[in-house]
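*Asks:* Before we start, here is the structure in question, set down as structure tokens.
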4 protein chains.
Amino acid sequence: MRSPLPFALALAAFAAPGLHADTHRFVPTQFYNTYSFAHPPALRIKPGDRVITTTIDAGGVDRDGKQVAQGPNPQTGPFYVDGAEPGDVLVVRIEKIETNRTTAYSSSLLAPYAVDPASIATRIDRDAKRVTWQIDKAAGVARLTDPDVRPALTLPLRPMLGCVGVAPARKEAISSASPGAFGGNMDYAGLNAGVTVMLPVNEPGALLFVGDGHARQGEGEVVGTGLETSMDVEFTVDLIKKKTASWPRLENETYLMVLGSARPLLQALQHATTEMQRWLVADHGFSERGAASFMGQALEYEVANVVDPNFTVVAKVRKGLLPPR
Amino acid sequence: MRSPLPFALALAAFAAPGLHADTHRFVPTQFYNTYSFAHPPALRIKPGDRVITTTIDAGGVDRDGKQVAQGPNPQTGPFYVDGAEPGDVLVVRIEKIETNRTTAYSSSLLAPYAVDPASIATRIDRDAKRVTWQIDKAAGVARLTDPDVRPALTLPLRPMLGCVGVAPARKEAISSASPGAFGGNMDYAGLNAGVTVMLPVNEPGALLFVGDGHARQGEGEVVGTGLETSMDVEFTVDLIKKKTASWPRLENETYLMVLGSARPLLQALQHATTEMQRWLVADHGFSERGAASFMGQALEYEVANVVDPNFTVVAKVRKGLLPPR
Amino acid sequence: MRSPLPFALALAAFAAPGLHADTHRFVPTQFYNTYSFAHPPALRIKPGDRVITTTIDAGGVDRDGKQVAQGPNPQTGPFYVDGAEPGDVLVVRIEKIETNRTTAYSSSLLAPYAVDPASIATRIDRDAKRVTWQIDKAAGVARLTDPDVRPALTLPLRPMLGCVGVAPARKEAISSASPGAFGGNMDYAGLNAGVTVMLPVNEPGALLFVGDGHARQGEGEVVGTGLETSMDVEFTVDLIKKKTASWPRLENETYLMVLGSARPLLQALQHATTEMQRWLVADHGFSERGAASFMGQALEYEVANVVDPNFTVVAKVRKGLLPPR
Amino acid sequence: MRSPLPFALALAAFAAPGLHADTHRFVPTQFYNTYSFAHPPALRIKPGDRVITTTIDAGGVDRDGKQVAQGPNPQTGPFYVDGAEPGDVLVVRIEKIETNRTTAYSSSLLAPYAVDPASIATRIDRDAKRVTWQIDKAAGVARLTDPDVRPALTLPLRPMLGCVGVAPARKEAISSASPGAFGGNMDYAGLNAGVTVMLPVNEPGALLFVGDGHARQGEGEVVGTGLETSMDVEFTVDLIKKKTASWPRLENETYLMVLGSARPLLQALQHATTEMQRWLVADHGFSERGAASFMGQALEYEVANVVDPNFTVVAKVRKGLLPPR
């Protein structure tokens, strides 16, 4: 009944991959704990290219259970995207995120800022010890059986990447524990296969990093971890030249999304909300008051994390509710 | 495969309505702008009873377009529930919320605390003027056509009550603009027909108030209003004797929910998260560490409002993910 | 070199006490735990009058060590000020605050929101037990000798009132634990004898309450109490008719002060800062940009409390830095 | 009557300067906009040495009015301190901060986060334009005469450094606009000559940076700038080996101070408060409960800034109130 600009066409409009697009199989051997312009490119790719690679877990352990780097969140990359310049937007379509080993770990206490501080003083459990989950890909679930964790838990897999980021602005080097306007450790449970991530480019080549796979994660990441594990990852990249985006924008079949990251939590929400209004006005035919009136009655939010150095809030608009163009 | 305690049975466990339950048709003639122990009961009801009544809109206008009270959020009630005493939990099952006139109003600017403050200085639109939506119950939508709001908007109806509350603790009288541990103006878009609301009882008879119907509302209520209109409302009440609940708990077919209200936004989330853990431990068979481990990987959040004197965050657990008992 | 409007003259300008001013010796027999329009006046006074009275401690214990009311912060009053109407400002000059017994109590742990939440988990001391201080008026100090408190402490007396408030707006009844635009439990260590407190009038007669004396208190009240004790109190009242004040304003020989109360802490600071700018523009000859430029280089802050339901921040301007008029 | 460890002796205890101490006259030619381990040392110095140098203003203009670097806050340094290793504390005694030109600039509007957001929408002045102050060192004042700023302003000079920092932990490179655990752009009006700054060492040599001199600044830096100007600066350095400090500690003749930096404002206060308790317990003979009891009745706070990427709060203890050892 309505026809917003079809998603596939929208992507096709700003790039012409296909003919010369390459597929790269990249085996990472070095990992980084900061997002920084200063790291040498691990691989040069161009708009339209596909990368098939892997990520290790947040603690630096790979698919074989081997410690190959130090935490937190050692990153695969950086990928240098030819033609990317400050003022562009890098488009990363996540084609695949799949667990590649049979275990994941999580913490087992609610994190300090996620709960009433007075409740911390009266806890029975005081050790945020790691517990190990079994990943059963055939059944599509992760299971936790641990004498201290009652009852035993079985939860569906929903693989995601905690970290997708580029080199930050202002020549800053930011810990891979932190999210920001450059992406980074947003820890958003909805960053799954099928999502397109749009990030502002701050440095030539953008310098794309990925890492911190979770077999599953609740909103807020309130124990401070998802189900931390190693992943097989595939993504394609593209560029939108001379395009302003102040915060990471995501899109899937159902939603337009903006991820704001800051402390306090309200400020993360303010960033996401403000940027969503800008997006609706710039690209979706809304007047400022039109976008506000629409958002007032149609906006959704997710709380991605309340445990990282910056918290992350997702402002979401259901594409099916957008007025026809 | 799994069988959590069926919802219907759970309710049956703490009351035996039916035999002597009455249905009350209550036509409100007086409305209140505070939640307070000091207001005289408008109607006495007992556990198991059903109330069929109406609410007027947030500005005090009724179904006939007549100003019958002053804003904000004039309340229908209070309903005195026989047998309710401090230390009990009042259970209010919302049976029906239906718009009963053809218009609703909303504000049309993003509220000050919902956006980056720097963005306020550069706004084109500066007047948060009311706009009028047409409610088309047959089509199940609300429509907004206003020259300043581009494009025209059509959104599905999703009727809700902004306010469900009881007399607060400590003999406080709290404005009907505010949410809190007593419920009140939580402005939660998911407070629809089919939801059961559980509220701590602070005063004899609980003193239940309802009001502030919205034909629809986005998460956060970021323009400061939903689609404000008058409603036909039905609910049944019940009691859980000698039961501790520190914050409003909601339940529907799909979710267990806790609504924390406070400023800052993080504190609202902390209240909701902490109370959800208490609930899982007390009533759902979890150890403290079990609840934390589960919540870390399964919790969901909604941001009910970021515009009221207290903000409201909803912590949610999908009942289908609860381990079998 | 400069001559701002002398403080004494400024007060003289809006009232003409003296000729008919009365002095009331008021012995309280009933105490209140809410600020509310609903409490019957304890005494009617008129602008220019002086009241000599007493306050009991935050837990309801009087000068004789007798429990005569319940906490928190049972209030002396309310005093009905003839002629006070909504839209006026009530002026309360604190003439005297003096301890009238030999002991005070305090809590002995840092309050949950005053410290890093992670530090709560690693505390040695877990019981916020009351400790008793000896008040030595002759020496002008309070002393604490307790085996758990090392070393013994001796601190100068600096008597203050935690609570000075009027009936709130919107017919709310607010706990005497809370501060707000109506004053209340601001817990400001600088609310000493010699300070003039200006409060917005919300109800006929204003309904002034006082209570919660502290023999001394640190900024922030980070243990959740001052040195809680009973007091001999004297104050005079006056009115400024048809005067807007959104937040409590204080003045002493040295400073103009505004007390903003809210959560989060930043919002309390925002209220105080915004109101100070309004005050400088309205009464002190500043343009908006002039007030901003002055405040940028001359403003001071105190953190009154970070433990009450609302936190309180004091924005201060040194009168000696104000430009000559 | 009491004798805490004299300040001079305390410093003497951890270093033995004098015999081999050098005085370095350092003329900076390169300036940095990040705190980072990656910048090459500008000068190697050793504990006990004195450095006589200059800083340029926050916009990169030097004493001669010449633009020699880009903002924000271009830093003089880094100074590599021989022997400094991670786990040590670097001690920087500020011997002199003196303005060296006749003008300073400031912004002239209250910053977005410093005021009620609703007040931004109703401002008369909307352009945060720079205004120029005249520095009169002979009279000890700065004067502002600008047609838009009424009335004209004259304020005493109180020279300070907005920035004193070392290379951050975790190989991060942080903008010179930001404060943190490493010091940086704390914008504390009390960082004057006579203050000793103690900073945790994260990298070999510590890598000390200084910059962002203000001829004067109000608490909060609520217009987003102090009186920004170039400075003549002298400091001496020392080391405390194997000493834990989680946040910058300052000391002068009157106060012990801790500067916590974070958003939200409360978190900055929490860091400062928690670290002050640690300091009192570790170095000043307090039990945990003793430190809490003392802080509850004796702590003071300053709000250094509410405009930088992190806000800064100062927790202060008057040394004259410390119990005798």
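Identifiers for the structure tokens are assigned positionally: chains receive A, B, ... in sequence, residues are indexed from 1 per chain, and ligands are indexed from 1 in the order shown.
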I'm after chain B in the frame of chain D: fit it by least squares over all Cα atoms matched in order, and give me the output as a short mmCIF file (atom, residue, chain, number, x, y, z; two decimals) with C-alpha atoms, in the first residue's frame.

*Replies:*
data_model
loop_
_atom_site.label_atom_id
_atom_site.label_comp_id
_atom_site.auth_asym_id
_atom_site.auth_seq_id
_atom_site.Cartn_x
_atom_site.Cartn_y
_atom_site.Cartn_z
CA MET B 1 47.00 22.86 68.87
CA ARG B 2 47.11 20.22 66.19
CA SER B 3 49.91 19.23 63.89
CA PRO B 4 49.15 17.37 60.72
CA LEU B 5 52.19 16.33 58.78
CA PRO B 6 53.58 19.65 57.52
CA PHE B 7 53.12 20.01 53.80
CA ALA B 8 56.72 20.89 53.05
CA LEU B 9 57.97 17.89 54.99
CA ALA B 10 55.55 15.59 53.25
CA LEU B 11 56.99 16.54 49.90
CA ALA B 12 60.52 16.25 51.21
CA ALA B 13 59.77 12.71 52.27
CA PHE B 14 59.50 11.28 48.81
CA ALA B 15 62.30 13.02 46.96
CA ALA B 16 65.60 14.67 47.57
CA PRO B 17 65.82 17.48 45.09
CA GLY B 18 68.23 20.34 45.46
CA LEU B 19 71.68 19.05 44.95
CA HIS B 20 71.35 17.98 41.36
CA ALA B 21 68.14 19.71 40.41
CA ASP B 22 68.23 21.57 37.12
CA THR B 23 66.24 24.49 35.87
CA HIS B 24 65.09 24.24 32.27
CA ARG B 25 63.97 27.17 30.16
CA PHE B 26 61.78 25.58 27.55
CA VAL B 27 60.42 27.47 24.55
CA PRO B 28 57.68 25.37 22.95
CA THR B 29 57.60 25.26 19.16
CA GLN B 30 55.16 22.39 18.70
CA PHE B 31 51.81 21.97 20.41
CA TYR B 32 49.52 18.97 20.78
CA ASN B 33 45.75 18.55 20.76
CA THR B 34 45.74 15.13 22.34
CA TYR B 35 47.14 13.57 25.47
CA SER B 36 48.94 10.54 24.11
CA PHE B 37 51.86 8.23 24.71
CA ALA B 38 52.60 8.61 20.99
CA HIS B 39 53.93 12.15 21.06
CA PRO B 40 57.74 12.42 21.19
CA PRO B 41 59.08 13.98 24.38
CA ALA B 42 59.77 17.69 23.98
CA LEU B 43 62.18 17.73 26.94
CA ARG B 44 63.56 15.20 29.37
CA ILE B 45 63.62 16.29 32.98
CA LYS B 46 64.20 14.53 36.27
CA PRO B 47 62.58 14.60 39.70
CA GLY B 48 63.44 17.86 41.43
CA ASP B 49 63.89 19.82 38.23
CA ARG B 50 62.22 23.12 37.53
CA VAL B 51 60.77 24.07 34.15
CA ILE B 52 60.26 27.66 33.04
CA THR B 53 58.05 27.77 29.97
CA THR B 54 55.00 29.33 28.34
CA THR B 55 51.56 28.27 27.24
CA ILE B 56 49.53 29.68 24.37
CA ASP B 57 45.82 30.34 24.60
CA ALA B 58 43.05 27.81 24.03
CA GLY B 59 42.68 28.93 20.43
CA GLY B 60 46.39 28.64 19.62
CA VAL B 61 47.41 32.31 19.87
CA ASP B 62 50.63 33.19 21.64
CA ARG B 63 51.78 36.17 23.74
CA ASP B 64 52.41 38.22 20.62
CA GLY B 65 48.92 37.68 19.25
CA LYS B 66 50.22 35.27 16.64
CA GLN B 67 48.36 32.10 15.69
CA VAL B 68 50.96 29.38 16.21
CA ALA B 69 48.74 26.31 16.66
CA GLN B 70 45.16 25.10 16.36
CA GLY B 71 42.66 24.76 19.16
CA PRO B 72 41.33 23.35 21.28
CA ASN B 73 43.81 23.84 24.07
CA PRO B 74 47.12 23.23 22.27
CA GLN B 75 49.48 21.78 24.86
CA THR B 76 53.04 22.61 25.78
CA GLY B 77 55.11 19.45 26.26
CA PRO B 78 55.23 16.57 26.67
CA PHE B 79 57.89 16.55 29.38
CA TYR B 80 59.43 13.14 29.95
CA VAL B 81 60.24 12.64 33.62
CA ASP B 82 63.15 10.28 34.13
CA GLY B 83 62.29 7.35 36.33
CA ALA B 84 58.53 7.73 36.09
CA GLU B 85 56.87 4.37 35.52
CA PRO B 86 53.31 3.08 35.51
CA GLY B 87 52.24 2.70 39.13
CA ASP B 88 54.04 5.85 40.29
CA VAL B 89 52.53 9.24 41.04
CA LEU B 90 53.90 12.31 39.30
CA VAL B 91 54.04 15.39 41.52
CA VAL B 92 53.88 18.74 39.76
CA ARG B 93 54.23 21.80 41.92
CA ILE B 94 52.94 24.89 40.14
CA GLU B 95 55.37 27.65 41.07
CA LYS B 96 54.08 30.42 38.84
CA ILE B 97 51.24 31.17 36.41
CA GLU B 98 51.28 34.69 35.07
CA THR B 99 49.50 36.31 32.16
CA ASN B 100 51.93 37.60 29.55
CA ARG B 101 49.78 39.73 27.26
CA THR B 102 47.11 42.39 27.70
CA THR B 103 44.03 40.62 26.33
CA ALA B 104 41.95 37.56 27.01
CA TYR B 105 38.80 36.34 25.32
CA SER B 106 35.69 34.65 26.60
CA SER B 107 32.42 33.38 25.24
CA SER B 108 29.33 35.32 26.29
CA LEU B 109 26.41 32.90 26.49
CA LEU B 110 25.64 30.27 29.11
CA ALA B 111 26.53 26.85 27.68
CA PRO B 112 23.73 24.43 26.71
CA TYR B 113 24.18 21.91 29.54
CA ALA B 114 24.65 24.61 32.21
CA VAL B 115 21.06 25.88 32.03
CA ASP B 116 17.49 24.61 31.98
CA PRO B 117 17.00 23.40 28.41
CA ALA B 118 13.61 25.08 28.18
CA SER B 119 15.32 28.41 28.82
CA ILE B 120 17.40 28.01 25.65
CA ALA B 121 14.28 28.37 23.52
CA THR B 122 13.43 31.78 24.98
CA ARG B 123 16.83 33.44 24.86
CA ILE B 124 17.24 36.98 23.59
CA ASP B 125 20.96 36.47 22.94
CA ARG B 126 21.66 33.56 20.62
CA ASP B 127 25.21 34.09 19.40
CA ALA B 128 27.94 32.85 21.77
CA LYS B 129 30.27 35.44 20.33
CA ARG B 130 33.73 36.04 21.69
CA VAL B 131 34.29 39.17 23.73
CA THR B 132 37.69 40.62 24.52
CA TRP B 133 38.82 41.49 28.02
CA GLN B 134 41.67 43.86 28.84
CA ILE B 135 44.17 42.52 31.37
CA ASP B 136 45.55 45.15 33.72
CA LYS B 137 48.26 43.37 35.70
CA ALA B 138 49.19 46.51 37.63
CA ALA B 139 45.65 46.83 38.95
CA GLY B 140 45.27 43.06 39.19
CA VAL B 141 42.03 43.02 37.20
CA ALA B 142 40.49 42.16 33.85
CA ARG B 143 37.97 44.55 32.32
CA LEU B 144 35.26 43.99 29.75
CA THR B 145 33.63 46.86 27.92
CA ASP B 146 31.38 45.72 25.12
CA PRO B 147 28.15 47.33 23.92
CA ASP B 148 26.24 44.02 24.21
CA VAL B 149 27.52 43.25 27.68
CA ARG B 150 25.85 45.46 30.23
CA PRO B 151 27.10 46.61 32.61
CA ALA B 152 30.84 46.83 32.02
CA LEU B 153 32.70 44.25 34.10
CA THR B 154 35.84 44.45 36.23
CA LEU B 155 37.04 41.28 37.94
CA PRO B 156 40.22 40.38 39.86
CA LEU B 157 42.83 38.30 38.07
CA ARG B 158 43.27 34.77 39.36
CA PRO B 159 45.55 33.03 36.87
CA MET B 160 45.13 29.28 36.48
CA LEU B 161 45.90 26.45 34.09
CA GLY B 162 42.89 24.72 32.57
CA CYS B 163 45.07 21.76 31.53
CA VAL B 164 47.67 19.72 33.39
CA GLY B 165 47.81 16.13 32.24
CA VAL B 166 49.83 13.04 31.46
CA ALA B 167 49.57 10.31 28.83
CA PRO B 168 46.37 8.35 29.54
CA ALA B 169 46.10 4.66 30.37
CA ARG B 170 45.21 1.95 27.87
CA LYS B 171 47.16 3.62 25.03
CA GLU B 172 44.27 5.99 24.55
CA ALA B 173 44.83 9.38 22.89
CA ILE B 174 42.38 11.83 24.42
CA SER B 175 41.48 15.25 23.07
CA SER B 176 42.93 18.19 24.96
CA ALA B 177 39.31 19.31 25.40
CA SER B 178 38.72 16.44 27.84
CA PRO B 179 39.62 15.85 31.47
CA GLY B 180 39.97 12.41 33.01
CA ALA B 181 41.86 10.27 35.48
CA PHE B 182 45.03 11.44 33.69
CA GLY B 183 44.24 15.10 34.46
CA GLY B 184 43.84 17.06 31.24
CA ASN B 185 41.32 19.80 30.67
CA MET B 186 39.90 19.89 34.19
CA ASP B 187 39.28 23.64 34.00
CA TYR B 188 39.57 24.07 37.73
CA ALA B 189 39.75 27.72 38.83
CA GLY B 190 41.76 26.66 41.87
CA LEU B 191 44.66 25.25 39.88
CA ASN B 192 46.80 28.30 40.66
CA ALA B 193 50.40 28.94 41.58
CA GLY B 194 51.13 27.28 44.90
CA VAL B 195 49.18 24.14 44.14
CA THR B 196 50.76 20.71 43.97
CA VAL B 197 49.18 18.37 41.43
CA MET B 198 49.58 14.62 41.83
CA LEU B 199 48.79 12.47 38.77
CA PRO B 200 48.89 8.71 38.21
CA VAL B 201 51.67 7.67 35.84
CA ASN B 202 50.47 5.46 32.96
CA GLU B 203 53.45 5.48 30.62
CA PRO B 204 57.23 5.54 31.07
CA GLY B 205 58.28 9.14 31.66
CA ALA B 206 54.68 10.12 32.49
CA LEU B 207 54.66 12.61 29.56
CA LEU B 208 53.45 15.80 31.20
CA PHE B 209 51.47 18.37 29.22
CA VAL B 210 50.31 21.85 30.31
CA GLY B 211 48.17 24.48 28.63
CA ASP B 212 44.92 26.45 28.47
CA GLY B 213 45.71 29.31 30.81
CA HIS B 214 42.86 31.45 32.13
CA ALA B 215 43.40 34.88 33.64
CA ARG B 216 40.34 34.03 35.68
CA GLN B 217 37.41 31.63 35.60
CA GLY B 218 34.17 31.12 37.47
CA GLU B 219 33.23 27.75 38.90
CA GLY B 220 31.60 25.53 36.30
CA GLU B 221 33.11 27.54 33.43
CA VAL B 222 29.48 28.05 32.51
CA VAL B 223 30.11 30.09 29.36
CA GLY B 224 32.44 27.38 28.08
CA THR B 225 35.59 29.48 28.49
CA GLY B 226 37.58 31.25 31.16
CA LEU B 227 39.45 34.42 30.29
CA GLU B 228 41.55 32.64 27.69
CA THR B 229 45.08 33.94 27.36
CA SER B 230 48.75 33.04 27.11
CA MET B 231 50.87 32.49 30.21
CA ASP B 232 54.33 32.34 31.69
CA VAL B 233 54.50 29.14 33.67
CA GLU B 234 56.96 27.59 36.08
CA PHE B 235 56.72 24.25 37.77
CA THR B 236 58.86 21.68 39.54
CA VAL B 237 58.35 17.95 39.30
CA ASP B 238 58.83 15.06 41.65
CA LEU B 239 57.88 11.40 41.87
CA ILE B 240 56.24 9.20 44.44
CA LYS B 241 57.28 5.68 43.53
CA LYS B 242 54.80 2.82 43.68
CA LYS B 243 51.87 4.87 44.88
CA THR B 244 48.25 4.37 43.88
CA ALA B 245 46.14 7.35 42.92
CA SER B 246 43.05 6.77 40.79
CA TRP B 247 42.29 10.47 40.22
CA PRO B 248 44.24 13.73 40.26
CA ARG B 249 45.00 14.89 43.80
CA LEU B 250 45.81 18.50 44.57
CA GLU B 251 47.19 20.09 47.68
CA ASN B 252 47.80 23.65 48.71
CA GLU B 253 48.41 25.34 52.06
CA THR B 254 44.75 25.03 53.01
CA TYR B 255 43.23 22.02 51.29
CA LEU B 256 43.56 18.43 50.21
CA MET B 257 41.62 18.07 46.97
CA VAL B 258 40.60 15.31 44.56
CA LEU B 259 39.35 16.06 41.06
CA GLY B 260 36.92 13.53 39.60
CA SER B 261 35.95 13.88 35.95
CA ALA B 262 33.05 12.13 34.21
CA ARG B 263 29.56 12.57 32.97
CA PRO B 264 27.06 12.72 34.54
CA LEU B 265 27.99 15.35 37.10
CA LEU B 266 27.12 13.00 39.95
CA GLN B 267 29.62 10.45 38.70
CA ALA B 268 32.39 13.07 38.75
CA LEU B 269 31.41 13.76 42.35
CA GLN B 270 31.33 10.04 43.14
CA HIS B 271 34.85 9.55 41.80
CA ALA B 272 36.16 12.53 43.79
CA THR B 273 34.39 11.47 46.98
CA THR B 274 35.46 7.84 46.78
CA GLU B 275 39.08 8.76 46.08
CA MET B 276 39.12 11.27 48.95
CA GLN B 277 38.04 8.52 51.32
CA ARG B 278 40.80 6.26 49.99
CA TRP B 279 43.34 9.03 50.50
CA LEU B 280 42.24 9.74 54.06
CA VAL B 281 42.41 6.05 54.92
CA ALA B 282 45.74 5.41 53.20
CA ASP B 283 47.67 8.49 54.26
CA HIS B 284 45.88 10.32 57.04
CA GLY B 285 45.22 7.75 59.72
CA PHE B 286 41.49 7.28 59.26
CA SER B 287 39.52 4.08 59.48
CA GLU B 288 36.95 3.70 56.71
CA ARG B 289 34.15 4.69 59.09
CA GLY B 290 36.29 7.49 60.50
CA ALA B 291 36.86 8.95 57.07
CA ALA B 292 33.15 8.72 56.28
CA SER B 293 32.15 10.36 59.58
CA PHE B 294 34.67 13.13 59.02
CA MET B 295 33.72 13.72 55.39
CA GLY B 296 30.03 13.81 56.24
CA GLN B 297 30.60 16.85 58.46
CA ALA B 298 33.67 18.46 56.84
CA LEU B 299 33.76 17.80 53.11
CA GLU B 300 33.57 20.69 50.66
CA TYR B 301 33.00 20.61 46.90
CA GLU B 302 33.70 22.81 43.94
CA VAL B 303 32.25 22.33 40.50
CA ALA B 304 35.26 22.87 38.23
CA ASN B 305 33.49 22.57 34.89
CA VAL B 306 30.13 21.53 33.44
CA VAL B 307 31.04 22.23 29.81
CA ASP B 308 33.80 19.82 28.79
CA PRO B 309 33.31 16.28 27.40
CA ASN B 310 33.69 15.18 31.01
CA PHE B 311 32.54 17.37 33.88
CA THR B 312 34.89 17.90 36.83
CA VAL B 313 34.01 18.03 40.54
CA VAL B 314 36.52 18.82 43.29
CA ALA B 315 36.15 17.17 46.70
CA LYS B 316 38.04 19.19 49.31
CA VAL B 317 39.09 18.70 52.89
CA ARG B 318 40.38 21.62 54.92
CA LYS B 319 43.71 20.51 56.35
CA GLY B 320 43.11 22.56 59.49
CA LEU B 321 40.18 20.27 60.33
CA LEU B 322 42.16 17.05 60.10
CA PRO B 323 42.66 15.40 63.49
CA PRO B 324 46.16 15.60 64.92
CA ARG B 325 48.35 12.59 64.14
#

*Asks:* If DSSP is run on the backbone, what residues of stretch 2-148 of chain A are strand (DSSP E)? A reply as a VMD selection string would be ideal.

*Replies:* chain A and resid 23 to 25 34 to 35 43 to 45 50 to 55 76 to 81 89 to 99 103 to 106 131 to 136 141 to 146

*Asks:* Would you mind writing down, as a PyMOL selection string, each residue of stretch 105-214 of chain D that DSSP on the backbone assigns to helix (DSSP H, G or I)?

*Replies:* chain D and resi 112-114+117-120
